[in-house]
file run08.cif (mmCIF, C-alpha atoms and all ligand atoms)
data_run
#
loop_
_atom_site.label_atom_id
_atom_site.label_comp_id
_atom_site.auth_asym_id
_atom_site.auth_seq_id
_atom_site.Cartn_x
_atom_site.Cartn_y
_atom_site.Cartn_z
CA MET A 120 -13.65 -1.84 6.85
CA PHE A 121 -11.99 -4.10 4.25
CA GLY A 122 -15.06 -6.30 4.14
CA ASP A 123 -14.19 -7.76 7.53
CA PRO A 124 -16.58 -6.83 10.33
CA ARG A 125 -13.71 -7.16 12.80
CA HIS A 126 -11.97 -4.19 11.13
CA ARG A 127 -14.46 -1.37 11.75
CA THR A 128 -12.36 1.70 11.13
CA GLU A 129 -14.29 4.07 13.38
CA ASP A 130 -14.20 1.65 16.31
CA ILE A 131 -10.49 1.04 15.97
CA ARG A 132 -9.72 4.76 15.72
CA ALA A 133 -11.82 5.46 18.81
CA ALA A 134 -10.29 2.60 20.81
CA ASP A 135 -7.61 3.27 23.42
CA PRO A 136 -7.24 -0.14 25.08
CA LEU A 137 -3.85 0.69 26.58
CA GLY A 138 -4.98 4.06 27.94
CA ALA A 139 -2.20 5.49 25.77
CA ASP A 140 -3.65 8.83 24.65
CA ALA A 141 -1.73 11.03 27.11
CA LEU A 142 1.58 9.16 26.88
CA LEU A 143 1.59 9.04 23.09
CA ALA A 144 0.90 12.77 22.90
CA ALA A 145 4.32 13.20 24.53
CA VAL A 146 6.16 10.97 22.01
CA PRO A 147 7.04 13.76 19.51
CA ALA A 148 8.81 15.65 22.32
CA MET A 149 10.68 12.49 23.41
CA ASN A 150 11.72 11.96 19.79
CA ALA A 151 12.82 15.56 19.35
CA ALA A 152 15.01 15.13 22.44
CA GLY A 153 16.23 11.67 21.33
CA ASP A 154 15.22 10.49 24.80
CA THR A 155 15.44 6.72 24.38
CA ALA A 156 15.17 6.12 28.13
CA ALA A 157 11.77 7.88 28.21
CA LEU A 158 10.64 5.99 25.09
CA ALA A 159 11.60 2.65 26.65
CA VAL A 160 9.81 3.55 29.89
CA ALA A 161 6.72 4.51 27.85
CA LEU A 162 6.77 1.20 25.96
CA ARG A 163 7.10 -0.75 29.21
CA ALA A 164 4.35 1.28 30.85
CA LEU A 165 1.89 0.61 28.04
CA LEU A 166 2.39 -3.17 27.89
CA PRO A 167 -0.88 -4.88 28.78
CA ASP A 168 -1.21 -7.98 30.87
CA PRO A 169 -1.20 -10.79 28.23
CA ASP A 170 -4.21 -12.51 29.85
CA ARG A 171 -6.22 -9.32 29.55
CA ALA A 172 -5.03 -8.73 25.96
CA ALA A 173 -6.07 -12.28 25.03
CA GLU A 174 -9.68 -11.31 25.85
CA TRP A 175 -9.73 -8.18 23.67
CA SER A 176 -11.78 -7.82 20.50
CA VAL A 177 -9.76 -7.86 17.28
CA GLY A 178 -10.43 -4.11 16.96
CA ASP A 179 -8.89 -3.44 20.38
CA ALA A 180 -5.93 -5.68 19.54
CA LEU A 181 -5.36 -3.67 16.32
CA ALA A 182 -5.56 -0.39 18.24
CA ALA A 183 -3.08 -1.68 20.84
CA MET A 184 -0.63 -2.71 18.10
CA ARG A 185 -0.99 0.74 16.52
CA ASP A 186 -0.02 2.39 19.82
CA LEU A 187 2.88 0.11 20.69
CA GLY A 188 4.06 0.48 17.09
CA ILE A 189 4.66 4.22 17.44
CA LEU A 190 7.11 3.45 20.24
CA LEU A 191 8.80 0.61 18.33
CA GLY A 192 9.56 2.90 15.36
CA SER A 193 10.63 5.73 17.65
CA LEU A 194 13.13 3.65 19.62
CA LYS A 195 14.62 2.16 16.46
CA ARG A 196 14.95 5.61 14.91
CA HIS A 197 17.36 6.47 17.72
CA GLY A 198 19.37 3.30 17.23
CA VAL A 199 17.72 1.11 19.89
CA GLN A 200 16.22 -2.28 18.99
CA PRO A 201 12.98 -1.99 20.99
CA LEU A 202 12.90 -5.62 22.06
CA ALA A 203 16.49 -5.48 23.26
CA ALA A 204 15.49 -2.56 25.51
CA VAL A 205 12.08 -3.95 26.52
CA PRO A 206 12.14 -7.75 26.07
CA GLU A 207 8.84 -8.17 27.90
CA ALA A 208 7.14 -6.60 24.84
CA LEU A 209 7.86 -9.74 22.76
CA PRO A 210 5.02 -11.99 24.02
CA VAL A 211 2.58 -9.06 23.71
CA LEU A 212 3.54 -8.30 20.10
CA GLU A 213 3.34 -12.00 19.22
CA LEU A 214 -0.05 -12.32 20.90
CA LEU A 215 -1.43 -9.23 19.12
CA GLY A 216 -0.07 -10.49 15.78
CA ARG A 217 -1.79 -13.87 16.33
CA ARG A 218 -5.07 -12.33 17.51
CA THR A 219 -5.26 -10.09 14.43
CA ASP A 220 -3.74 -12.57 11.94
CA MET A 221 -1.14 -9.96 11.03
CA VAL A 222 2.61 -9.45 11.49
CA PRO A 223 3.80 -8.87 15.08
CA ARG A 224 4.30 -5.14 14.55
CA ASP A 225 2.32 -2.19 13.21
CA THR A 226 1.67 -1.74 9.47
CA VAL A 227 0.58 1.09 7.18
CA HIS A 228 -3.03 0.32 8.15
CA HIS A 229 -2.30 0.95 11.82
CA TYR A 230 -0.35 4.12 11.08
CA THR A 231 -2.93 5.68 8.71
CA THR A 232 -6.45 4.19 8.45
CA TRP A 233 -6.69 3.05 12.08
CA ASN A 234 -4.97 6.15 13.47
CA PRO A 235 -7.35 8.64 15.17
CA VAL A 236 -7.55 12.11 13.66
CA GLY A 237 -7.28 15.39 15.53
CA ARG A 238 -5.65 15.64 18.94
CA ARG A 239 -5.50 11.86 19.39
CA ARG A 240 -3.47 11.32 16.19
CA ARG A 241 -0.48 9.05 16.83
CA SER A 242 2.62 10.62 15.34
CA TYR A 243 6.40 10.27 15.55
CA THR A 244 7.17 13.94 15.02
CA GLY A 245 3.96 15.92 15.53
CA HIS A 246 4.97 17.82 12.37
CA PRO A 247 2.12 18.91 10.06
CA ALA A 248 3.90 17.26 7.09
CA GLU A 249 3.73 13.87 8.86
CA ALA A 250 -0.04 14.32 9.31
CA ARG A 251 -0.40 15.31 5.65
CA LEU A 252 1.43 12.20 4.50
CA GLN A 253 -0.73 10.05 6.80
CA GLU A 254 -3.85 11.67 5.30
CA ALA A 255 -2.59 11.28 1.72
CA VAL A 256 -2.06 7.57 2.31
CA ARG A 257 -5.29 7.11 4.27
CA MET A 258 -7.38 8.53 1.41
CA VAL A 259 -6.50 5.75 -1.06
CA PHE A 260 -7.84 2.83 1.00
CA PRO A 261 -11.60 3.13 0.38
CA GLY A 262 -10.98 3.10 -3.39
CA LEU A 263 -8.53 0.19 -3.18
CA VAL A 264 -10.99 -1.81 -1.09
CA ALA A 265 -13.76 -1.17 -3.61
CA ALA A 266 -11.43 -2.03 -6.51
CA LEU A 267 -10.79 -5.44 -4.95
CA ASP A 268 -14.37 -6.61 -5.62
CA ASP A 269 -14.31 -5.30 -9.17
CA CYS A 270 -10.95 -6.95 -9.83
CA SER A 271 -12.41 -10.29 -8.63
CA ARG A 272 -15.32 -9.75 -11.00
CA ILE A 273 -12.98 -8.99 -13.92
CA ALA A 274 -11.07 -12.20 -13.17
CA ARG A 275 -14.29 -14.18 -13.59
CA LEU A 276 -15.43 -12.47 -16.81
CA GLU A 277 -14.34 -12.65 -20.44
CA PRO A 278 -13.67 -9.44 -22.37
CA TYR A 279 -16.70 -10.11 -24.59
CA ASP A 280 -18.93 -9.62 -21.59
CA PRO A 281 -20.10 -5.98 -21.31
CA GLY A 282 -19.61 -6.32 -17.52
CA PHE A 283 -15.83 -6.55 -18.11
CA ALA A 284 -15.59 -2.93 -19.32
CA THR A 285 -18.08 -1.70 -16.72
CA ALA A 286 -16.05 -3.22 -13.89
CA LEU A 287 -12.83 -1.77 -15.33
CA ASP A 288 -14.42 1.68 -15.49
CA ARG A 289 -15.32 1.36 -11.82
CA VAL A 290 -11.72 0.38 -11.02
CA ALA A 291 -10.57 3.49 -12.91
CA ARG A 292 -12.80 5.66 -10.73
CA HIS A 293 -11.57 3.96 -7.55
CA LEU A 294 -7.94 4.53 -8.55
CA ARG A 295 -8.30 8.27 -9.08
CA ALA A 296 -7.56 8.68 -5.36
CA MET A 297 -4.05 7.27 -5.96
CA VAL A 298 -3.30 10.12 -8.35
CA ASP A 299 -4.88 12.70 -6.02
CA SER A 300 -2.88 11.26 -3.14
CA ILE A 301 0.46 11.57 -4.87
CA ASP A 302 -0.40 15.06 -6.10
CA LEU A 303 -1.20 16.10 -2.53
CA THR A 304 2.00 14.51 -1.29
CA VAL A 305 4.11 16.29 -3.89
CA ALA A 306 2.41 19.59 -3.01
CA GLN A 307 2.56 19.23 0.76
CA VAL A 308 5.43 16.95 1.83
CA SER A 309 8.92 18.04 0.92
CA PRO A 310 11.39 15.33 -0.10
CA GLU A 311 13.81 16.81 2.47
CA TYR A 312 11.34 16.39 5.34
CA PHE A 313 10.62 12.81 4.28
CA ALA A 314 14.25 11.85 3.69
CA VAL A 315 15.84 13.51 6.69
CA THR A 316 13.15 13.50 9.38
CA LEU A 317 10.46 10.89 8.69
CA ARG A 318 12.14 8.03 6.82
CA PRO A 319 14.30 7.02 9.84
CA TYR A 320 11.13 6.17 11.83
CA PHE A 321 10.21 3.50 9.27
CA GLU A 322 13.26 1.34 9.89
CA GLU A 323 12.77 -2.38 10.31
CA VAL A 324 12.49 -3.75 13.82
CA GLU A 325 13.61 -7.19 14.96
CA VAL A 326 10.94 -9.41 16.50
CA ALA A 327 11.92 -12.96 17.51
CA GLY A 328 14.94 -12.99 15.20
CA ARG A 329 13.13 -11.61 12.16
CA ASP A 330 13.21 -8.08 10.74
CA TYR A 331 9.80 -6.48 10.15
CA LEU A 332 9.45 -3.42 7.92
CA GLY A 333 7.98 -0.16 9.20
CA PRO A 334 4.46 1.13 8.46
CA ALA A 335 5.36 2.90 5.22
CA ALA A 336 3.35 3.81 2.11
CA ALA A 337 5.14 1.12 0.08
CA GLN A 338 2.77 -1.33 1.78
CA VAL A 339 -0.22 0.40 0.15
CA PRO A 340 -1.86 -2.52 -1.65
CA LEU A 341 -1.94 -1.45 -5.28
CA TRP A 342 -0.67 -4.91 -6.20
CA PRO A 343 -4.12 -6.62 -6.23
CA VAL A 344 -5.01 -4.40 -9.21
CA ASP A 345 -1.75 -5.26 -10.97
CA LEU A 346 -2.17 -8.93 -10.07
CA THR A 347 -5.53 -9.35 -11.77
CA LEU A 348 -5.00 -6.91 -14.66
CA TRP A 349 -1.55 -7.99 -15.85
CA GLN A 350 0.82 -9.40 -13.26
CA CYS A 351 -0.49 -12.87 -12.36
CA ASP A 352 0.75 -14.43 -15.62
CA ARG A 353 3.71 -12.13 -16.37
CA PRO A 354 6.48 -13.00 -13.95
CA ASP A 355 9.14 -10.37 -13.27
CA PRO A 356 11.83 -11.24 -10.72
CA ALA A 357 12.08 -7.76 -9.14
CA TYR A 358 8.34 -7.17 -8.81
CA ASP A 359 7.69 -10.76 -7.73
CA ALA A 360 10.29 -10.45 -4.97
CA PHE A 361 8.85 -7.11 -3.80
CA LEU A 362 5.35 -8.58 -3.74
CA ALA A 363 6.54 -11.64 -1.79
CA GLU A 364 8.13 -9.33 0.77
CA SER A 365 5.05 -7.06 0.99
CA LEU A 366 2.40 -9.77 1.31
CA PRO A 367 2.92 -10.60 5.00
CA TYR A 368 2.03 -6.97 5.82
CA ALA A 369 -1.30 -7.17 4.00
CA LEU A 370 -4.63 -7.72 5.71
CA PRO A 371 -5.81 -11.34 5.87
CA ALA A 372 -8.51 -10.69 3.22
CA TRP A 373 -5.91 -9.27 0.82
CA ARG A 374 -3.62 -12.25 1.33
CA GLU A 375 -6.55 -14.53 0.52
CA PHE A 376 -7.17 -12.45 -2.59
CA HIS A 377 -3.57 -13.10 -3.61
CA ASP A 378 -3.92 -16.85 -3.03
CA ARG A 379 -7.06 -16.93 -5.14
CA HIS A 380 -5.70 -14.98 -8.09
CA ARG A 381 -2.03 -15.85 -8.40
CA GLY A 382 -1.47 -18.19 -11.32
CA GLY A 383 -4.73 -16.97 -12.91
CA VAL A 384 -5.16 -15.45 -16.36
CA SER A 385 -4.79 -11.68 -16.35
CA ALA A 386 -7.20 -9.24 -17.99
CA VAL A 387 -4.48 -8.20 -20.46
CA SER A 388 -3.90 -11.84 -21.51
CA LYS A 389 -7.63 -12.51 -21.87
CA LEU A 390 -8.04 -9.45 -24.04
CA SER A 391 -4.99 -10.26 -26.22
CA ALA A 392 -6.19 -13.85 -26.69
CA ALA A 393 -9.70 -12.70 -27.63
CA VAL A 394 -8.31 -10.22 -30.17
CA ASP A 395 -5.91 -12.81 -31.60
CA ARG A 396 -8.74 -15.29 -32.09
CA LEU A 397 -10.72 -12.81 -34.19
CA ARG A 398 -10.94 -13.66 -37.85
CA ALA A 399 -12.68 -10.45 -38.88
CA ASP A 400 -10.87 -7.19 -39.33
CA ARG A 401 -13.21 -5.44 -36.96
CA LEU A 402 -13.46 -5.57 -33.18
CA PRO A 403 -16.95 -6.35 -31.96
CA SER A 404 -18.04 -3.45 -29.81
CA PRO A 405 -17.95 -5.16 -26.35
CA LEU A 406 -14.35 -6.16 -27.06
CA SER A 407 -13.39 -2.69 -28.16
CA ALA A 408 -15.09 -1.22 -25.05
CA SER A 409 -13.13 -3.67 -22.86
CA ALA A 410 -9.84 -2.75 -24.56
CA ALA A 411 -10.51 0.97 -24.14
CA ALA A 412 -11.48 0.54 -20.46
CA LEU A 413 -8.40 -1.59 -19.74
CA GLY A 414 -6.23 1.04 -21.41
CA ARG A 415 -7.78 3.73 -19.20
CA VAL A 416 -7.02 1.85 -15.97
CA LEU A 417 -3.44 1.16 -17.06
CA ARG A 418 -2.99 4.84 -17.87
CA ILE A 419 -4.13 5.84 -14.38
CA LEU A 420 -1.66 3.36 -12.86
CA LYS A 421 1.02 4.81 -15.12
CA THR A 422 0.16 8.39 -14.12
CA PHE A 423 0.33 7.55 -10.41
CA ARG A 424 3.63 5.74 -10.86
CA ALA A 425 5.23 8.41 -13.03
CA ARG A 426 4.43 11.14 -10.45
CA HIS A 427 5.32 8.91 -7.50
CA ILE A 428 8.75 8.07 -8.92
CA GLY A 429 9.42 11.81 -9.18
CA ILE A 430 9.14 12.39 -5.42
CA ALA A 431 10.82 9.07 -4.61
CA ARG A 432 13.83 10.00 -6.77
CA LYS A 433 14.18 13.33 -4.98
CA ALA A 434 13.86 11.80 -1.51
CA TYR A 435 16.45 9.15 -2.37
CA SER A 436 18.76 11.48 -4.33
CA ASP A 437 22.49 11.46 -3.51
CA ASP A 438 22.32 14.69 -1.51
CA LEU A 439 19.29 13.77 0.62
CA ARG A 440 19.20 10.05 1.11
CA ARG A 441 20.13 8.40 4.36
CA TYR A 442 19.21 4.92 3.14
CA GLU A 443 19.90 2.92 -0.03
CA GLU A 444 16.44 1.36 0.06
CA GLY A 445 12.91 2.58 0.56
CA SER A 446 11.10 1.81 3.77
CA GLY A 447 9.37 -1.07 1.93
CA GLY A 448 12.76 -2.76 1.53
CA ALA A 449 13.29 -1.97 -2.18
CA PRO A 450 15.31 0.64 -4.08
CA VAL A 451 13.91 3.38 -6.34
CA ALA A 452 15.06 1.22 -9.28
CA LEU A 453 12.16 -1.11 -8.47
CA LEU A 454 9.73 1.75 -9.07
CA ARG A 455 11.30 2.22 -12.50
CA SER A 456 10.78 -1.44 -13.42
CA ILE A 457 7.15 -1.44 -12.18
CA LEU A 458 6.49 1.74 -14.16
CA ASP A 459 8.07 0.14 -17.26
CA LEU A 460 5.93 -2.99 -16.82
CA THR A 461 2.79 -0.86 -16.48
CA ARG A 462 3.72 1.03 -19.66
CA GLU A 463 4.49 -2.19 -21.56
CA ASN A 464 1.07 -3.58 -20.68
CA GLU A 465 -0.66 -0.39 -21.70
CA THR A 466 1.20 -0.41 -25.03
CA MET A 467 0.36 -4.09 -25.53
CA VAL A 468 -3.36 -3.38 -25.06
CA ARG A 469 -3.22 -0.41 -27.42
CA ARG A 470 -1.27 -2.33 -30.10
CA SER A 471 -3.47 -5.42 -29.91
CA THR A 472 -6.46 -3.32 -30.88
CA GLU A 473 -4.76 -0.88 -33.26
CA ARG A 474 -4.64 -3.53 -35.94
CA ARG A 475 -8.39 -3.86 -35.78
CA ARG A 476 -11.16 -1.37 -36.06
CA PRO A 477 -14.29 -1.58 -33.95
CA ALA A 478 -17.25 -2.73 -35.99
CA GLY A 479 -18.92 0.29 -37.57
CA ALA A 480 -15.91 2.60 -37.04
CA PRO A 481 -14.55 4.47 -40.06
CA ALA A 482 -11.32 3.06 -41.53
CA GLY A 483 -8.18 4.99 -40.60
CA PRO A 484 -4.89 4.61 -38.81
CA THR A 485 -6.19 5.87 -35.47
CA ALA A 486 -9.34 3.76 -35.32
CA ALA A 487 -9.58 1.55 -32.22
C1 LIG B 501 7.49 11.31 0.34
C2 LIG B 501 6.67 10.48 -0.24
C3 LIG B 501 7.05 9.13 -0.80
C4 LIG B 501 8.27 8.57 -1.07
C5 LIG B 501 9.65 9.20 -0.90
C6 LIG B 501 8.02 7.22 -1.56
C7 LIG B 501 9.02 6.33 -1.91
C8 LIG B 501 8.79 5.02 -2.30
C9 LIG B 501 9.83 4.06 -2.59
C10 LIG B 501 11.35 4.32 -2.54
C11 LIG B 501 9.22 2.89 -2.91
C12 LIG B 501 9.93 1.56 -3.29
C13 LIG B 501 9.69 0.48 -2.28
C14 LIG B 501 10.23 0.77 -0.91
O1 LIG B 501 9.87 1.78 -0.27
O2 LIG B 501 11.01 -0.02 -0.42
C15 LIG B 501 7.79 3.10 -2.83
C16 LIG B 501 6.82 2.16 -3.13
C17 LIG B 501 5.49 2.42 -3.17
N1 LIG B 501 4.86 3.56 -2.75
FE1 LIG B 501 5.76 5.29 -2.21
N2 LIG B 501 6.67 7.01 -1.60
C18 LIG B 501 6.03 8.13 -1.14
C19 LIG B 501 4.66 8.33 -1.00
C20 LIG B 501 3.69 7.42 -1.39
C21 LIG B 501 2.28 7.65 -1.36
C22 LIG B 501 1.59 8.93 -0.88
C23 LIG B 501 1.68 6.52 -1.85
C24 LIG B 501 0.23 6.21 -2.06
C25 LIG B 501 -0.73 6.44 -1.28
C26 LIG B 501 2.73 5.58 -2.17
C27 LIG B 501 2.52 4.31 -2.64
C28 LIG B 501 3.51 3.41 -2.95
C29 LIG B 501 3.25 2.10 -3.54
C30 LIG B 501 1.88 1.53 -3.90
C31 LIG B 501 4.49 1.48 -3.66
C32 LIG B 501 4.75 0.08 -4.25
C33 LIG B 501 5.31 0.18 -5.66
C34 LIG B 501 4.23 0.43 -6.72
O3 LIG B 501 3.14 -0.17 -6.65
O4 LIG B 501 4.51 1.21 -7.68
N3 LIG B 501 3.94 6.16 -1.89
N4 LIG B 501 7.56 4.41 -2.46
#
call {"tool": "encode", "arguments": {"input": "run08.cif", "output": "structure tokens", "more": "lines below"}}
Ligand code: HEM
result
Amino acid sequence: MFGDPRHRTEDIRAADPLGADALLAAVPAMNAAGDTAALAVALRALLPDPDRAAEWSVGDALAAMRDLGILLGSLKRHGVQPLAAVPEALPVLELLGRRTDMVPRDTVHHYTTWNPVGRRRRSYTGHPAEARLQEAVRMVFPGLVAALDDCSRIARLEPYDPGFATALDRVARHLRAMVDSIDLTVAQVSPEYFAVTLRPYFEEVEVAGRDYLGPAAAQVPLWPVDLTLWQCDRPDPAYDAFLAESLPYALPAWREFHDRHRGGVSAVSKLSAAVDRLRADRLPSPLSASAAALGRVLRILKTFRARHIGIARKAYSDDLRRYEEGSGGAPVALLRSILDLTRENETMVRRSTERRRPAGAPAGPTAA
């Protein structure tokens, strides 16, 4: 998965390098009882010999991090810094982080995509709503992975090229899963369950003096789409800071994507510049197709974000919230500013073409 042969989803899900299946099945009961002693014993019992772990495939190392991660989040939920209770876990987490080129704790990929389904599912609570949220998050990754290639293509093309609109239309199809995911979440995961029961398991955990965020949905990489479509040349302090904080949790290939595209020219800027350069009153048809396709993608992003902010507001409302910030380290106010930025870009694309009519279109205020 993710274009990296070392990340074969099925293999990672099937892997149980720590022999953790039976012990992890008991974690929801330990959590329900708040039994930190049992959780610490479990973490210690699962720790592999570092020499053996150094020989593992990357897939096995990812699966091992997934399994240790469930115990890290569980201990912290009950007020115990896991490495204070089990210091011998530190070299193992650092080794697994190095072997996989990822942070030295589990991420949203470990908790959702790489998590087995069925009886082997790793879970903090064992509650059906936790499984539904894991599934809702898991379902967006194939589309986001596919969108990555199309976003790279868009970054190389000019809006006059018919391939620009075609690639944007593919991105729109890939992003539909984001809307379906949030609809499923709203229908199946109550804000109360998230706020009161699940959110505490996503607390940050200290590893070698640094706090690492939990494996929450805020790490879902929607940002590569923003980056190439509008964000790379439109700095915004709040979004930029959130992105900087999220990047370390991304897969290596996604971090490379960020390095390649930051400081580039966004699709929105290329389109606006092409429209501004036009002398004629009419948009040539490839340009008008590109504008329409870009508008469609931005509308899907807007729809996801508008629905997502609804559930986030409820889960972080005064009566429910236990934390000021989301598990991704940012407040709900950030979601408002990202939604506003998405809307502004959509409006900009619409306005830039409203002044012009596509060649051959009848004159009228709504043309374009
Ligand atoms: C109970 C359900 C959910 C709640 C309460 C919630 C809450 C939040 C909050 C408060 C943030 C701000 C950053 C932070 O957490 O520190 C955030 C960010 C984010 N969440 Fe969620 N979320 C939920 C479900 C989901 C789902 C199902 C997805 C998608 C699969 C998702 C995707 C994102 C993304 C991509 C961001 C980054 C900001 C953006 O791109 O707009 N969330 N979420």
call {"tool": "closest_atom_pairs", "arguments": {"input": "run08.cif", "of": "chain A", "to": "ligand LIG 501 (chain B)", "cutoff": "8 Å", "atoms": "all atoms listed in the file", "output": "JSON lines"}}
result
{"residue": "A:Leu252", "atom": "CA", "partner": "B:LIG501", "partner_atom": "C22", "distance": 6.3}
{"residue": "A:Ala255", "atom": "CA", "partner": "B:LIG501", "partner_atom": "C22", "distance": 5.5}
{"residue": "A:Val256", "atom": "CA", "partner": "B:LIG501", "partner_atom": "C25", "distance": 4.0}
{"residue": "A:Arg257", "atom": "CA", "partner": "B:LIG501", "partner_atom": "C25", "distance": 7.2}
{"residue": "A:Met258", "atom": "CA", "partner": "B:LIG501", "partner_atom": "C25", "distance": 7.5}
{"residue": "A:Val259", "atom": "CA", "partner": "B:LIG501", "partner_atom": "C25", "distance": 5.8}
{"residue": "A:Met297", "atom": "CA", "partner": "B:LIG501", "partner_atom": "C25", "distance": 5.8}
{"residue": "A:Ser300", "atom": "CA", "partner": "B:LIG501", "partner_atom": "C22", "distance": 5.5}
{"residue": "A:Ile301", "atom": "CA", "partner": "B:LIG501", "partner_atom": "C22", "distance": 4.9}
{"residue": "A:Leu303", "atom": "CA", "partner": "B:LIG501", "partner_atom": "C22", "distance": 7.9}
{"residue": "A:Thr304", "atom": "CA", "partner": "B:LIG501", "partner_atom": "C22", "distance": 5.6}
{"residue": "A:Val305", "atom": "CA", "partner": "B:LIG501", "partner_atom": "C2", "distance": 7.3}
{"residue": "A:Val308", "atom": "CA", "partner": "B:LIG501", "partner_atom": "C1", "distance": 6.2}
{"residue": "A:Ser309", "atom": "CA", "partner": "B:LIG501", "partner_atom": "C1", "distance": 6.9}
{"residue": "A:Pro310", "atom": "CA", "partner": "B:LIG501", "partner_atom": "C1", "distance": 5.6}
{"residue": "A:Phe313", "atom": "CA", "partner": "B:LIG501", "partner_atom": "C1", "distance": 5.3}
{"residue": "A:Ala314", "atom": "CA", "partner": "B:LIG501", "partner_atom": "C5", "distance": 7.0}
{"residue": "A:Ala335", "atom": "CA", "partner": "B:LIG501", "partner_atom": "O1", "distance": 7.2}
{"residue": "A:Ala336", "atom": "CA", "partner": "B:LIG501", "partner_atom": "C26", "distance": 4.7}
{"residue": "A:Ala337", "atom": "CA", "partner": "B:LIG501", "partner_atom": "C17", "distance": 3.5}
{"residue": "A:Gln338", "atom": "CA", "partner": "B:LIG501", "partner_atom": "C29", "distance": 6.3}
{"residue": "A:Val339", "atom": "CA", "partner": "B:LIG501", "partner_atom": "C30", "distance": 4.7}
{"residue": "A:Pro340", "atom": "CA", "partner": "B:LIG501", "partner_atom": "C30", "distance": 6.0}
{"residue": "A:Leu341", "atom": "CA", "partner": "B:LIG501", "partner_atom": "C30", "distance": 5.0}
{"residue": "A:Trp342", "atom": "CA", "partner": "B:LIG501", "partner_atom": "O3", "distance": 6.1}
{"residue": "A:Phe361", "atom": "CA", "partner": "B:LIG501", "partner_atom": "C13", "distance": 7.8}
{"residue": "A:Arg424", "atom": "CA", "partner": "B:LIG501", "partner_atom": "O4", "distance": 5.6}
{"residue": "A:His427", "atom": "CA", "partner": "B:LIG501", "partner_atom": "N2", "distance": 6.3}
{"residue": "A:Ile428", "atom": "CA", "partner": "B:LIG501", "partner_atom": "C7", "distance": 7.2}
{"residue": "A:Ile430", "atom": "CA", "partner": "B:LIG501", "partner_atom": "C5", "distance": 5.6}
{"residue": "A:Ala431", "atom": "CA", "partner": "B:LIG501", "partner_atom": "C5", "distance": 3.9}
{"residue": "A:Arg432", "atom": "CA", "partner": "B:LIG501", "partner_atom": "C5", "distance": 7.3}
{"residue": "A:Lys433", "atom": "CA", "partner": "B:LIG501", "partner_atom": "C5", "distance": 7.4}
{"residue": "A:Ala434", "atom": "CA", "partner": "B:LIG501", "partner_atom": "C5", "distance": 5.0}
{"residue": "A:Tyr435", "atom": "CA", "partner": "B:LIG501", "partner_atom": "C5", "distance": 7.0}
{"residue": "A:Glu444", "atom": "CA", "partner": "B:LIG501", "partner_atom": "O2", "distance": 5.6}
{"residue": "A:Gly445", "atom": "CA", "partner": "B:LIG501", "partner_atom": "O1", "distance": 3.3}
{"residue": "A:Ser446", "atom": "CA", "partner": "B:LIG501", "partner_atom": "O1", "distance": 4.2}
{"residue": "A:Gly447", "atom": "CA", "partner": "B:LIG501", "partner_atom": "O2", "distance": 3.1}
{"residue": "A:Gly448", "atom": "CA", "partner": "B:LIG501", "partner_atom": "O2", "distance": 3.8}
{"residue": "A:Ala449", "atom": "CA", "partner": "B:LIG501", "partner_atom": "O2", "distance": 3.5}
{"residue": "A:Pro450", "atom": "CA", "partner": "B:LIG501", "partner_atom": "C12", "distance": 5.5}
{"residue": "A:Val451", "atom": "CA", "partner": "B:LIG501", "partner_atom": "C10", "distance": 4.7}
{"residue": "A:Ala452", "atom": "CA", "partner": "B:LIG501", "partner_atom": "C12", "distance": 7.9}
{"residue": "A:Leu453", "atom": "CA", "partner": "B:LIG501", "partner_atom": "C12", "distance": 6.2}
{"residue": "A:Leu454", "atom": "CA", "partner": "B:LIG501", "partner_atom": "O4", "distance": 5.4}
{"residue": "A:Ile457", "atom": "CA", "partner": "B:LIG501", "partner_atom": "O4", "distance": 5.9}
{"residue": "A:Leu458", "atom": "CA", "partner": "B:LIG501", "partner_atom": "O4", "distance": 6.8}
call {"tool": "residues_near_point", "arguments": {"input": "run08.cif", "point": "(11.1, 11.3, 23.1)", "cutoff": "10 Å", "atoms": "only C-alpha atoms", "output": "ChimeraX atom specification"}}
result
/A:143,145-159,161,190,193-194,197,243-244
call {"tool": "residues_around", "arguments": {"input": "run08.cif", "residues": "Ala266 of chain A", "least_positions_apart": "2", "cutoff": "12 Å", "atoms": "all atoms listed in the file", "output": "ChimeraX atom specification"}}
result
/A:121,259-264,268-273,286-297,340-345,347-348,373,376,416
call {"tool": "closest_residue", "arguments": {"input": "run08.cif", "among": "A:Ala386, A:Leu142, A:Ala327, A:Ile131", "to": "Leu212 of chain A", "atoms": "all atoms listed in the file"}}
result
A:Ala327
call {"tool": "atom_distance", "arguments": {"input": "run08.cif", "atom1": "atom CA of Glu129 of chain A", "atom2": "atom CA of Met221 of chain A"}}
result
19.4 Å
call {"tool": "atom_distance", "arguments": {"input": "run08.cif", "atom1": "atom CA of Arg353 of chain A", "atom2": "atom CA of Pro403 of chain A"}}
result
26.5 Å
call {"tool": "closest_residue", "arguments": {"input": "run08.cif", "among": "A:Glu473, A:Glu311, A:Asp359, A:Asp400", "to": "Leu439 of chain A", "atoms": "all atoms listed in the file"}}
result
A:Glu311
call {"tool": "atom_distance", "arguments": {"input": "run08.cif", "atom1": "atom CA of Arg396 of chain A", "atom2": "atom CA of Arg275 of chain A"}}
result
19.3 Å
call {"tool": "residues_around", "arguments": {"input": "run08.cif", "residues": "Glu207 of chain A", "least_positions_apart": "3", "cutoff": "9 Å", "atoms": "all atoms listed in the file", "output": "PyMOL selection string"}}
result
chain A and resi 163+166+202+210-211
call {"tool": "residues_near_point", "arguments": {"input": "run08.cif", "point": "(-19.3, -3.5, -28.5)", "cutoff": "10 Å", "atoms": "all atoms listed in the file", "output": "list of chain:residue names"}}
result
A:Tyr279, A:Asp280, A:Pro281, A:Ala284, A:Leu402, A:Pro403, A:Ser404, A:Pro405, A:Leu406, A:Ser407, A:Ala408, A:Ser409, A:Pro477, A:Ala478, A:Gly479
